[in-house]
Each structure stands twice: as C-alpha cells, then as structure tokens.
file model_3.cif (mmCIF, C-alpha atoms)
data_data
loop_
_atom_site.label_atom_id
_atom_site.label_comp_id
_atom_site.auth_asym_id
_atom_site.auth_seq_id
_atom_site.Cartn_x
_atom_site.Cartn_y
_atom_site.Cartn_z
CA MET A 1 -2.56 12.21 -21.71
CA GLU A 2 -0.69 9.62 -19.69
CA GLY A 3 -0.54 11.93 -16.68
CA LEU A 4 -4.28 12.59 -16.78
CA ASP A 5 -4.91 8.83 -16.96
CA LYS A 6 -2.76 8.39 -13.88
CA LEU A 7 -4.73 11.06 -12.07
CA TYR A 8 -8.03 9.31 -12.80
CA LEU A 9 -6.62 5.93 -11.83
CA GLY A 10 -5.04 7.29 -8.66
CA ASP A 11 -1.79 5.80 -9.92
CA PHE A 12 0.62 8.17 -8.15
CA ASN A 13 2.07 8.96 -4.75
CA ASP A 14 2.54 12.71 -4.98
CA MET A 15 0.45 15.39 -6.59
CA ASN A 16 1.11 19.10 -6.76
CA GLN A 17 -1.40 21.60 -8.10
CA GLU A 18 -0.60 25.16 -9.16
CA PRO A 19 -3.71 27.18 -10.05
CA GLN A 20 -3.15 29.57 -12.96
CA ASP A 21 -4.67 32.98 -13.57
CA ASP A 22 -6.56 31.73 -16.65
CA GLY A 23 -8.45 29.20 -14.52
CA SER A 24 -6.34 26.24 -15.56
CA VAL A 25 -4.21 24.24 -13.16
CA ILE A 26 -0.74 22.79 -13.63
CA ILE A 27 -0.63 19.31 -12.11
CA THR A 28 2.52 17.41 -11.33
CA LEU A 29 2.25 13.71 -10.53
CA SER A 30 4.96 11.30 -9.53
CA LYS A 31 5.20 7.76 -8.28
CA ARG A 32 8.10 6.38 -6.34
CA GLY A 33 10.32 4.06 -8.28
CA GLU A 34 9.14 5.24 -11.70
CA ARG A 35 11.77 7.96 -12.09
CA LYS A 36 9.27 10.00 -14.09
CA THR A 37 7.24 13.11 -13.39
CA TYR A 38 4.06 13.85 -15.32
CA ARG A 39 3.45 17.59 -15.65
CA PHE A 40 0.35 18.76 -17.42
CA ARG A 41 -1.97 21.74 -17.57
CA VAL A 42 -5.72 21.21 -17.48
CA LYS A 43 -8.57 23.63 -17.82
CA ASN A 44 -11.87 22.88 -16.07
CA LEU A 45 -10.40 19.95 -14.17
CA TYR A 46 -13.00 17.28 -13.38
CA LYS A 47 -15.69 19.28 -15.15
CA GLU A 48 -17.66 18.11 -18.16
CA ASN A 49 -15.71 20.39 -20.47
CA GLU A 50 -12.29 19.41 -19.10
CA GLU A 51 -9.49 20.22 -21.54
CA LEU A 52 -5.88 19.06 -21.51
CA LEU A 53 -3.76 22.01 -22.64
CA GLU A 54 -0.19 20.81 -22.14
CA HIS A 55 1.50 17.56 -21.20
CA GLU A 56 5.06 16.48 -20.66
CA VAL A 57 6.84 13.53 -19.11
CA ILE A 58 10.04 14.45 -17.32
CA GLU A 59 12.66 11.79 -16.64
CA THR A 60 13.98 12.26 -13.13
CA LYS A 61 17.61 11.33 -12.85
CA ALA A 62 20.22 12.08 -10.30
CA LYS A 63 22.49 14.93 -11.37
CA PRO A 64 25.40 13.42 -13.39
CA TRP A 65 28.08 15.07 -11.29
CA ILE A 66 26.48 13.69 -8.11
CA GLU A 67 26.26 10.19 -9.64
CA LYS A 68 29.95 10.51 -10.54
CA ARG A 69 30.85 11.52 -6.99
CA MET A 70 28.81 8.63 -5.57
CA LYS A 71 30.73 6.17 -7.76
CA GLU A 72 33.99 7.72 -6.65
CA ALA A 73 32.93 7.49 -3.01
CA LYS A 74 32.18 3.77 -3.49
CA LYS A 75 35.66 3.25 -4.97
CA HIS A 76 37.22 5.09 -2.05
CA ALA A 77 35.25 2.98 0.43
CA LYS A 78 36.43 -0.24 -1.26
CA GLY A 79 40.02 0.95 -1.18
CA ARG A 80 40.00 1.51 2.58
CA MET B 81 1.41 -59.87 13.65
CA SER B 82 -0.88 -59.80 16.63
CA ASP B 83 -0.94 -55.97 16.68
CA TYR B 84 -2.30 -55.76 13.11
CA PRO B 85 -6.05 -55.45 12.41
CA ASP B 86 -7.97 -58.37 10.97
CA TYR B 87 -6.97 -57.41 7.41
CA THR B 88 -3.51 -56.28 6.35
CA GLN B 89 -2.28 -55.77 2.81
CA LEU B 90 1.33 -54.83 2.22
CA PHE B 91 2.18 -53.07 -1.08
CA ASN B 92 5.62 -52.97 -2.51
CA LEU B 93 5.49 -51.57 -6.06
CA VAL B 94 8.56 -50.78 -8.12
CA GLY B 95 8.27 -49.53 -11.71
CA SER B 96 8.82 -46.58 -14.04
CA ASP B 97 5.09 -45.65 -14.29
CA ILE B 98 2.77 -46.53 -11.42
CA MET B 99 -0.79 -45.42 -10.70
CA VAL B 100 -2.53 -46.74 -7.59
CA PRO B 101 -6.06 -45.53 -6.83
CA ILE B 102 -6.83 -46.35 -3.23
CA ASP B 103 -10.31 -46.49 -1.78
CA ILE B 104 -10.28 -47.83 1.75
CA GLN B 105 -13.25 -47.84 4.05
CA GLY B 106 -13.13 -49.41 7.47
CA ALA B 107 -13.83 -48.78 11.11
CA TYR B 108 -10.11 -48.59 11.89
CA ILE B 109 -7.52 -47.77 9.28
CA MET B 110 -3.77 -47.58 9.56
CA LEU B 111 -2.01 -46.49 6.40
CA PRO B 112 1.68 -45.63 6.46
CA VAL B 113 2.67 -44.20 3.06
CA ASP B 114 6.22 -43.63 1.93
CA ILE B 115 6.50 -42.12 -1.54
CA GLN B 116 9.71 -41.47 -3.36
CA ALA B 117 9.49 -40.25 -6.95
CA GLN B 118 10.83 -37.68 -9.35
CA TYR B 119 7.34 -36.23 -9.92
CA ALA B 120 4.46 -36.79 -7.51
CA THR B 121 0.86 -35.70 -7.19
CA LEU B 122 -0.77 -36.51 -3.88
CA GLU B 123 -4.30 -35.72 -2.87
CA ILE B 124 -5.45 -36.76 0.56
CA SER B 125 -9.01 -36.25 1.64
CA ILE B 126 -9.78 -37.38 5.15
CA VAL B 127 -13.24 -37.53 6.63
CA ALA B 128 -13.29 -39.09 10.07
CA GLN B 129 -14.79 -38.54 13.46
CA THR B 130 -11.34 -38.35 14.97
CA VAL B 131 -8.02 -37.82 13.26
CA GLU B 132 -5.56 -38.95 15.85
CA TYR B 133 -2.28 -38.47 14.13
CA LEU B 134 -1.38 -36.77 10.88
CA THR B 135 2.06 -35.89 9.65
CA ILE B 136 3.16 -34.78 6.22
CA ASP B 137 6.79 -34.52 5.31
CA ILE B 138 7.48 -33.06 1.89
CA ALA B 139 10.85 -32.66 0.28
CA ALA B 140 10.77 -31.56 -3.37
CA GLN B 141 12.61 -29.30 -5.73
CA SER B 142 9.39 -27.37 -6.39
CA ILE B 143 5.89 -27.39 -4.92
CA GLY B 144 3.19 -26.07 -7.22
CA TYR B 145 0.25 -25.87 -4.87
CA LEU B 146 -0.18 -26.75 -1.26
CA ALA B 147 -3.35 -26.10 0.70
CA VAL B 148 -4.19 -27.11 4.23
CA ASN B 149 -7.84 -26.83 5.18
CA LEU B 150 -8.75 -27.77 8.72
CA ALA B 151 -12.27 -27.85 10.07
CA ALA B 152 -13.04 -29.40 13.45
CA SER B 153 -14.66 -28.53 16.74
CA ALA B 154 -11.19 -28.20 18.26
CA ILE B 155 -7.90 -27.81 16.44
CA THR B 156 -4.37 -27.83 17.71
CA LEU B 157 -1.95 -26.86 14.99
CA ASN B 158 1.65 -26.84 16.00
CA ILE B 159 4.31 -25.66 13.63
CA ASN B 160 7.64 -26.47 15.17
CA LEU B 161 10.76 -25.29 13.45
CA LEU B 162 13.93 -26.47 15.07
CA SER B 163 17.22 -25.48 13.57
CA SER B 164 20.26 -23.42 14.36
CA THR B 165 19.29 -21.18 11.43
CA ILE B 166 15.69 -20.65 10.37
CA ILE B 167 14.60 -18.49 7.47
CA LEU B 168 10.86 -18.08 7.55
CA ASP B 169 9.81 -15.92 4.62
CA ILE B 170 6.18 -15.21 4.01
CA ASN B 171 6.17 -13.08 0.89
CA ILE B 172 2.87 -11.63 -0.18
CA LYS B 173 3.19 -9.15 -3.00
CA ASP B 174 1.74 -7.99 -6.30
CA ILE B 175 -1.76 -8.28 -4.89
CA THR B 176 -4.00 -5.38 -5.84
CA ALA B 177 -7.11 -6.64 -4.06
CA GLY B 178 -5.44 -6.65 -0.65
CA VAL B 179 -4.72 -9.40 1.80
CA THR B 180 -6.92 -10.23 4.76
CA PHE B 181 -6.06 -12.39 7.72
CA ASN B 182 -9.32 -13.29 9.38
CA ILE B 183 -9.32 -14.23 13.02
CA GLY B 184 -12.90 -14.76 14.10
CA ASN B 185 -14.50 -14.12 17.44
CA ILE B 186 -12.10 -14.97 20.21
CA GLU B 187 -13.41 -14.97 23.75
CA GLY B 188 -10.21 -16.09 25.37
CA PRO B 189 -6.85 -14.38 25.11
CA PHE B 190 -5.06 -14.02 21.79
CA ASN B 191 -1.36 -14.02 22.51
CA ILE B 192 1.59 -13.48 20.29
CA PHE B 193 4.81 -14.36 22.07
CA ILE B 194 8.05 -13.10 20.64
CA GLY B 195 11.02 -14.42 22.54
CA THR B 196 14.60 -13.22 22.50
CA ILE B 197 15.05 -11.36 19.26
CA GLN B 198 17.12 -8.42 18.14
CA THR B 199 14.53 -6.41 16.26
CA VAL B 200 10.85 -6.67 15.48
CA GLY B 201 9.14 -4.34 13.02
CA ILE B 202 5.48 -3.58 13.53
CA TYR B 203 3.96 -0.96 11.26
CA LEU B 204 0.81 1.06 11.64
CA GLN B 205 -1.18 1.23 8.44
CA PRO B 206 -0.03 4.74 7.37
CA GLU B 207 3.59 3.67 7.80
CA TRP B 208 2.96 0.42 6.00
CA ALA B 209 1.23 2.31 3.17
CA ALA B 210 4.34 4.45 2.69
CA LYS B 211 6.55 1.36 2.78
CA THR B 212 4.42 -0.45 0.21
CA GLY B 213 3.91 2.58 -2.02
CA ILE B 214 0.17 3.20 -1.64
CA ASP B 215 0.54 6.45 0.24
CA LYS B 216 -0.82 9.68 -1.18
CA ASN B 217 0.55 13.19 -0.75
CA PHE B 218 -1.29 16.22 -2.08
CA TYR B 219 0.12 19.70 -2.37
CA ALA B 220 -1.01 23.01 -3.82
CA GLY B 221 0.67 26.39 -3.90
CA GLU B 222 0.32 29.93 -5.16
CA ASN B 223 2.33 33.12 -4.79
CA ASN B 224 1.58 36.76 -4.19
CA ARG B 225 -2.08 36.54 -3.16
CA GLY B 226 -4.02 39.01 -1.03
CA PHE B 227 -6.72 38.89 1.63
CA GLY B 228 -9.47 36.37 1.00
CA TYR B 229 -7.60 34.42 -1.68
CA GLU B 230 -8.64 30.77 -1.67
CA LEU B 231 -6.09 28.24 -2.84
CA TRP B 232 -7.68 24.90 -3.68
CA GLY B 233 -6.41 21.58 -4.92
CA ILE B 234 -8.90 18.90 -5.94
CA TYR B 235 -8.83 15.15 -6.36
CA ASN B 236 -11.55 12.69 -7.29
CA VAL B 237 -11.00 9.37 -5.55
CA PRO B 238 -11.26 6.52 -8.09
CA GLY B 239 -14.44 4.49 -7.64
CA THR B 240 -12.52 1.33 -6.89
CA LYS B 241 -10.57 2.86 -4.02
CA THR B 242 -10.99 4.51 -0.64
CA LEU B 243 -8.82 7.41 0.43
CA TYR B 244 -7.77 7.83 4.06
CA LEU B 245 -6.26 11.16 5.09
CA THR B 246 -4.04 11.33 8.14
CA GLY B 247 -2.85 14.94 8.21
CA LEU B 248 -3.22 18.51 7.01
CA SER B 249 -0.82 21.44 6.98
CA PHE B 250 -0.49 24.88 5.47
CA ALA B 251 2.04 27.68 5.43
CA LEU B 252 2.04 31.29 4.29
CA TRP B 253 4.57 34.08 4.35
CA ALA B 254 4.92 37.62 3.11
CA SER B 255 5.52 37.96 -0.62
CA ALA B 256 7.27 41.30 -0.16
CA ALA B 257 10.18 41.96 2.19
CA THR B 258 8.41 45.07 3.47
CA ASP B 259 5.69 42.85 4.98
CA SER B 260 8.04 40.48 6.76
CA GLY B 261 7.93 40.52 10.52
CA THR B 262 4.16 41.02 10.53
CA PRO B 263 1.54 38.33 11.26
CA HIS B 264 0.57 36.08 8.36
CA ILE B 265 -2.81 34.69 9.31
CA GLY B 266 -4.34 31.87 7.28
CA VAL B 267 -6.70 28.93 7.49
CA ALA B 268 -6.85 25.53 5.79
CA PHE B 269 -9.67 23.08 5.10
CA LEU B 270 -10.39 19.59 3.91
CA TYR B 271 -13.75 19.38 2.21
CA ASN B 272 -15.73 16.58 0.60
CA ALA B 273 -17.28 18.37 -2.35
CA THR B 274 -19.51 15.41 -3.19
CA THR B 275 -21.15 15.11 0.23
CA ASP B 276 -20.75 18.85 0.96
CA LYS B 277 -19.00 18.18 4.26
CA VAL B 278 -16.10 20.01 5.85
CA LEU B 279 -13.73 17.30 7.06
CA ALA B 280 -11.09 19.29 8.90
CA CYS B 281 -10.00 22.87 9.46
CA ILE B 282 -7.02 24.54 11.05
CA GLY B 283 -5.73 28.10 11.30
CA GLY B 284 -2.67 29.94 12.43
CA ASP B 285 -0.09 32.65 12.03
CA GLY B 286 2.38 31.60 9.38
CA GLY B 287 0.84 28.15 9.09
CA ASN B 288 -0.12 25.12 11.10
CA SER B 289 -0.11 21.35 10.92
CA VAL B 290 -2.20 18.57 12.39
CA ALA B 291 -1.93 14.77 12.38
CA PHE B 292 -5.35 13.20 12.75
CA ALA B 293 -5.92 10.81 15.65
CA LYS B 294 -8.02 8.71 13.27
CA PRO B 295 -7.89 8.77 9.48
CA ILE B 296 -10.53 10.70 7.57
CA GLU B 297 -12.18 8.37 5.08
CA ILE B 298 -13.25 9.52 1.63
CA ASP B 299 -15.19 7.05 -0.47
CA GLY B 300 -14.39 6.22 -4.05
CA GLY B 301 -16.18 8.58 -6.43
CA ASP B 302 -16.11 11.48 -3.96
CA GLN B 303 -14.19 14.68 -4.60
CA LEU B 304 -11.65 15.88 -2.07
CA ASP B 305 -10.98 19.62 -1.99
CA TYR B 306 -7.98 20.71 0.05
CA GLY B 307 -7.46 24.42 0.45
CA ALA B 308 -5.86 27.27 2.30
CA PHE B 309 -6.97 30.91 2.50
CA VAL B 310 -4.98 34.09 2.95
CA GLU B 311 -6.53 36.03 5.84
CA GLU B 312 -3.97 38.81 5.93
CA ASN B 313 -3.98 42.40 4.67
CA HIS B 314 -0.81 42.01 2.67
CA PHE B 315 0.20 39.72 -0.15
CA CYS B 316 1.40 36.26 0.80
CA ASP B 317 2.81 33.10 -0.79
CA ILE B 318 0.69 30.18 0.39
CA ARG B 319 0.94 26.38 0.39
CA VAL B 320 -1.31 23.59 1.56
CA ALA B 321 -0.63 19.87 1.95
CA THR B 322 -2.60 16.84 3.01
CA TRP B 323 -1.55 13.22 3.07
CA GLY B 324 -2.69 9.71 3.75
CA TYR B 325 -3.11 6.48 1.83
CA GLU B 326 -5.43 4.94 -0.71
CA VAL B 327 -6.51 1.32 -0.77
CA PRO B 328 -8.66 -0.74 -3.12
CA VAL B 329 -12.22 -1.28 -1.92
CA ALA B 330 -12.37 -4.65 -0.19
#

call {"tool": "encode", "arguments": {"input": "model_3.cif", "output": "structure tokens"}}
result
Amino acid sequence: MEGLDKLYLGDFNDMNQEPQDDGSVIITLSKRGERKTYRFRVKNLYKENEELLEHEVIETKAKPWIEKRMKEAKKHAKGR
Amino acid sequence: MSDYPDYTQLFNLVGSDIMVPIDIQGAYIMLPVDIQAQYATLEISIVAQTVEYLTIDIAAQSIGYLAVNLAASAITLNINLLSSTIILDINIKDITAGVTFNIGNIEGPFNIFIGTIQTVGIYLQPEWAAKTGIDKNFYAGENNRGFGYELWGIYNVPGTKTLYLTGLSFALWASAATDSGTPHIGVAFLYNATTDKVLACIGGDGGNSVAFAKPIEIDGGDQLDYGAFVEENHFCDIRVATWGYEVPVA
C-alpha cells in the first residue's frame, strides 16, 4: 500500500512499469536516499476499479562483499 | 556642548533588570545606542522623510529572528564583508512550497559581478532538480512483442504539483537471434490523456532520443502516457523512458 501512496503523492524519483499479460502492471518506485524500492502489482491502474494485487518493500543495500572491499580500500589508502 | 541640539538627555543605566520604553518625537533626533546584555530584544521602527545614517552591529550567541524591511523611493544597500576568510552561507532547505526571489521591473542593467574566484556553480533548473531530488524519471519495458504492439506507462500528476518533461527516448531490438542484423523500427510518444494532446513523438531504427529545447509542462491532475510501439515484422524487446522534474504549484 505504501508504494501506491507514494505513486499518488508523486513521492519518488524513478518509476518503472512492466505491463503484464493479464492487464495488470508491475510498478517499481524508488527515491534517492531512501535505500528502499517499492515493487507492487496493480490491476486497472488509475481506474475506478483499481486493485492492488501484490506489494513488497525491498531494502537496497550495497552487496556485502563490495562493502567489505570498500572498507579494505579505505584502510589501504590510510596506510599509504 | 555647542554642537548638541536644544535638548539633550544622557542615560546611563546599570542594573540587573532594566526596561526603558522610548518615545521620542522631534524635528531632529540624534540617538546613539550602545546595548550590552546577556539577553536582548530590540525593535526599531523608523518613519522619517530622510534616514541619513543607519548602522546595526549585532554580536550574539544566537539570533532568533532578524528582518530588514526597506521601502523608499531610492535605496542603496551595501553589504561589505572584509576579511581574509569569509564564509557566506545562505542555506535554504526543507521548504516544500518553493523559494522565490522577486526582482521587479528593472529598466536599467542588472549586473552580477563575480571577481577572481576558482569555481562558480550555476545550475539550470533540470540540473538543480536532480541535485535537490525533485527530478522524475519514468521507464517502461516489455519483451518479445510483435508488429503494432503498444507499450505504455502512465502517471497521474498530483494536483498540488506540476510536471515538466525535458526528454524522451526509446529503444528496441530483436528478441530472437535470427532477427538480429535487421532493422528494428519503432516510434515513441508523450501524450496528455486528460487533455487528449500528443506532446512529443520520435521514431527510429533501434531507438532514438531527444532532449527538449523547452520543458513540456503537464498540470497537476492530468495523466501522462508515455509509450513506444513496435513497427517491425519480427518480435522485439522494447523500452521507453521520459524524464524531467516535478515542482509544487506556486
């Protein structure tokens, strides 16, 4: 539901839409700095009988092994 | 004392709690004020035909509210900062209703002089929107679609905002390896579904992209449709993107 609220408030920077064969659309919204992606599937988007079918909030984190390497790189830089 | 007007009153008050209402009316007034206190509230309202000299020096640990309102037929306002190191921060943030600097009708030149300086950043509004996080990017995509397929993404602009679009692009390519190396013709549109107006259209082989010379404005409450069509006789994967920024209605 949170993602759909963000859509109606325009509270996002990026939106991706993937139309589905059943007439629904998968919408992905994200806003810089939030580190979250809202992914939800809606049927009859913006119509009177709009229906939210699925909704998930995905935490967006850097891959742990990349974070580890970045920390190591910082240590190396300090040591030089 | 010959330089003093015909009435002079010297005040020298020392105490822990002092309140001095002053109401002075005269043809000529000279009032040097030197205030030193731990907490001070100072309101000065001046109504005069001519204000010849006005200087305010404030040094305090914190200043709650400071307003300067000037209204006169001619104003010279000099702000002179003289120091080996000057930090001039004007921070305006967390304002959802926007900020407006109004400079009225100017018949003469309006000059901004920037002397010797290493770098100066001047942003156009789309760049500033991205920097301040009010930019909008819309995408849509679909795979393995044949001739005449219409890919659409839709967005209803909130009633309290206005959307400005600054570009449109699309891309399509063969879904099957056997169709690679052939043309992949497609077209893309921006459409205001509320006003029933086509706003922009482009076409091309494999895709195309355009940056608008002026932003396309879409009012709050209107529905933007952004789409791309497969115009090829084999199946294609297709994407469309448009971008711009969205600002609260002034």

call {"tool": "atom_distance", "arguments": {"input": "model_3.cif", "atom1": "CA of Val200 (chain B)", "atom2": "CA of Thr165 (chain B)"}}
result
17.3 Å

call {"tool": "resolve_selection", "arguments": {"input": "model_3.cif", "expression": "the PyMOL selection byres ((chain B) within 7 of (chain A))", "output": "list in words"}}
result
Ile214, Asp215, Lys216, Asn217, Phe218, Tyr219, Ala220, Gly221, Glu222, Gly233 and Pro238 of chain B

call {"tool": "atom_distance", "arguments": {"input": "model_3.cif", "atom1": "CA of Thr275 (chain B)", "atom2": "CA of Tyr306 (chain B)"}}
result
14.3 Å

call {"tool": "resolve_selection", "arguments": {"input": "model_3.cif", "expression": "the PyMOL selection byres ((chain B and resi 260-267) around 12)", "output": "NGL selection string"}}
result
:B and (225-232 or 248-259 or 268-270 or 280-289 or 306-320)

call {"tool": "resolve_selection", "arguments": {"input": "model_3.cif", "expression": "the PyMOL selection byres ((chain A and resi 57) around 8)", "output": "PyMOL selection string"}}
result
chain A and resi 3+36-39+55-56+58-59

call {"tool": "closest_residue", "arguments": {"input": "model_3.cif", "among": "A:Ala73, A:Gly23, A:Ala62, A:Glu2", "to": "Glu50 (chain A)", "atoms": "only C-alpha atoms"}}
result
A:Gly23

call {"tool": "atom_distance", "arguments": {"input": "model_3.cif", "atom1": "CA of Pro206 (chain B)", "atom2": "CA of Tyr325 (chain B)"}}
result
6.6 Å

call {"tool": "build_atoms", "arguments": {"input": "model_3.cif", "residues": "region 24-49 of chain A", "atoms": "N, CA and C atoms", "output": "PDB file, in the frame of the given file"}}
result
ATOM      1  N   SER A  24      -6.882  27.590 -15.412  1.00  0.00           N
ATOM      2  CA  SER A  24      -6.340  26.240 -15.560  1.00  0.00           C
ATOM      3  C   SER A  24      -5.494  25.897 -14.339  1.00  0.00           C
ATOM      4  N   VAL A  25      -5.066  24.659 -14.266  1.00  0.00           N
ATOM      5  CA  VAL A  25      -4.210  24.240 -13.160  1.00  0.00           C
ATOM      6  C   VAL A  25      -3.086  23.377 -13.722  1.00  0.00           C
ATOM      7  N   ILE A  26      -1.882  23.637 -13.250  1.00  0.00           N
ATOM      8  CA  ILE A  26      -0.740  22.790 -13.630  1.00  0.00           C
ATOM      9  C   ILE A  26      -0.632  21.689 -12.570  1.00  0.00           C
ATOM     10  N   ILE A  27      -0.678  20.460 -13.013  1.00  0.00           N
ATOM     11  CA  ILE A  27      -0.630  19.310 -12.110  1.00  0.00           C
ATOM     12  C   ILE A  27       0.676  18.549 -12.336  1.00  0.00           C
ATOM     13  N   THR A  28       1.305  18.213 -11.263  1.00  0.00           N
ATOM     14  CA  THR A  28       2.520  17.410 -11.330  1.00  0.00           C
ATOM     15  C   THR A  28       2.291  16.131 -10.529  1.00  0.00           C
ATOM     16  N   LEU A  29       2.448  15.008 -11.186  1.00  0.00           N
ATOM     17  CA  LEU A  29       2.250  13.710 -10.530  1.00  0.00           C
ATOM     18  C   LEU A  29       3.558  12.921 -10.561  1.00  0.00           C
ATOM     19  N   SER A  30       3.817  12.202  -9.511  1.00  0.00           N
ATOM     20  CA  SER A  30       4.960  11.300  -9.530  1.00  0.00           C
ATOM     21  C   SER A  30       4.672  10.074  -8.667  1.00  0.00           C
ATOM     22  N   LYS A  31       5.371   9.025  -8.996  1.00  0.00           N
ATOM     23  CA  LYS A  31       5.200   7.760  -8.280  1.00  0.00           C
ATOM     24  C   LYS A  31       6.583   7.226  -7.955  1.00  0.00           C
ATOM     25  N   ARG A  32       6.766   6.827  -6.729  1.00  0.00           N
ATOM     26  CA  ARG A  32       8.100   6.380  -6.340  1.00  0.00           C
ATOM     27  C   ARG A  32       8.528   5.156  -7.142  1.00  0.00           C
ATOM     28  N   GLY A  33       9.781   5.192  -7.538  1.00  0.00           N
ATOM     29  CA  GLY A  33      10.320   4.060  -8.280  1.00  0.00           C
ATOM     30  C   GLY A  33      10.196   4.210  -9.783  1.00  0.00           C
ATOM     31  N   GLU A  34       9.334   5.106 -10.248  1.00  0.00           N
ATOM     32  CA  GLU A  34       9.140   5.240 -11.700  1.00  0.00           C
ATOM     33  C   GLU A  34      10.183   6.128 -12.347  1.00  0.00           C
ATOM     34  N   ARG A  35      10.775   7.018 -11.584  1.00  0.00           N
ATOM     35  CA  ARG A  35      11.770   7.960 -12.090  1.00  0.00           C
ATOM     36  C   ARG A  35      11.210   8.817 -13.211  1.00  0.00           C
ATOM     37  N   LYS A  36       9.922   9.140 -13.105  1.00  0.00           N
ATOM     38  CA  LYS A  36       9.270  10.000 -14.090  1.00  0.00           C
ATOM     39  C   LYS A  36       8.352  10.965 -13.364  1.00  0.00           C
ATOM     40  N   THR A  37       8.227  12.156 -13.899  1.00  0.00           N
ATOM     41  CA  THR A  37       7.240  13.110 -13.390  1.00  0.00           C
ATOM     42  C   THR A  37       6.332  13.500 -14.551  1.00  0.00           C
ATOM     43  N   TYR A  38       5.040  13.473 -14.303  1.00  0.00           N
ATOM     44  CA  TYR A  38       4.060  13.850 -15.320  1.00  0.00           C
ATOM     45  C   TYR A  38       3.586  15.261 -14.977  1.00  0.00           C
ATOM     46  N   ARG A  39       3.829  16.189 -15.890  1.00  0.00           N
ATOM     47  CA  ARG A  39       3.450  17.590 -15.650  1.00  0.00           C
ATOM     48  C   ARG A  39       2.508  17.998 -16.760  1.00  0.00           C
ATOM     49  N   PHE A  40       1.314  18.401 -16.391  1.00  0.00           N
ATOM     50  CA  PHE A  40       0.350  18.760 -17.420  1.00  0.00           C
ATOM     51  C   PHE A  40      -0.556  19.888 -16.933  1.00  0.00           C
ATOM     52  N   ARG A  41      -1.097  20.611 -17.889  1.00  0.00           N
ATOM     53  CA  ARG A  41      -1.970  21.740 -17.570  1.00  0.00           C
ATOM     54  C   ARG A  41      -3.379  21.413 -18.058  1.00  0.00           C
ATOM     55  N   VAL A  42      -4.332  21.584 -17.184  1.00  0.00           N
ATOM     56  CA  VAL A  42      -5.720  21.210 -17.480  1.00  0.00           C
ATOM     57  C   VAL A  42      -6.617  22.402 -17.201  1.00  0.00           C
ATOM     58  N   LYS A  43      -7.542  22.621 -18.079  1.00  0.00           N
ATOM     59  CA  LYS A  43      -8.570  23.630 -17.820  1.00  0.00           C
ATOM     60  C   LYS A  43      -9.859  22.897 -17.458  1.00  0.00           C
ATOM     61  N   ASN A  44     -10.589  23.458 -16.524  1.00  0.00           N
ATOM     62  CA  ASN A  44     -11.870  22.880 -16.070  1.00  0.00           C
ATOM     63  C   ASN A  44     -11.678  21.450 -15.541  1.00  0.00           C
ATOM     64  N   LEU A  45     -10.699  21.280 -14.710  1.00  0.00           N
ATOM     65  CA  LEU A  45     -10.400  19.950 -14.170  1.00  0.00           C
ATOM     66  C   LEU A  45     -11.636  19.328 -13.530  1.00  0.00           C
ATOM     67  N   TYR A  46     -11.892  18.095 -13.889  1.00  0.00           N
ATOM     68  CA  TYR A  46     -13.000  17.280 -13.380  1.00  0.00           C
ATOM     69  C   TYR A  46     -14.380  17.779 -13.836  1.00  0.00           C
ATOM     70  N   LYS A  47     -14.390  18.803 -14.656  1.00  0.00           N
ATOM     71  CA  LYS A  47     -15.690  19.280 -15.150  1.00  0.00           C
ATOM     72  C   LYS A  47     -16.002  18.613 -16.488  1.00  0.00           C
ATOM     73  N   GLU A  48     -17.217  18.785 -16.934  1.00  0.00           N
ATOM     74  CA  GLU A  48     -17.660  18.110 -18.160  1.00  0.00           C
ATOM     75  C   GLU A  48     -16.833  18.562 -19.365  1.00  0.00           C
ATOM     76  N   ASN A  49     -16.458  19.837 -19.340  1.00  0.00           N
ATOM     77  CA  ASN A  49     -15.710  20.390 -20.470  1.00  0.00           C
ATOM     78  C   ASN A  49     -14.207  20.442 -20.178  1.00  0.00           C
TER      79      ASN A  49
END
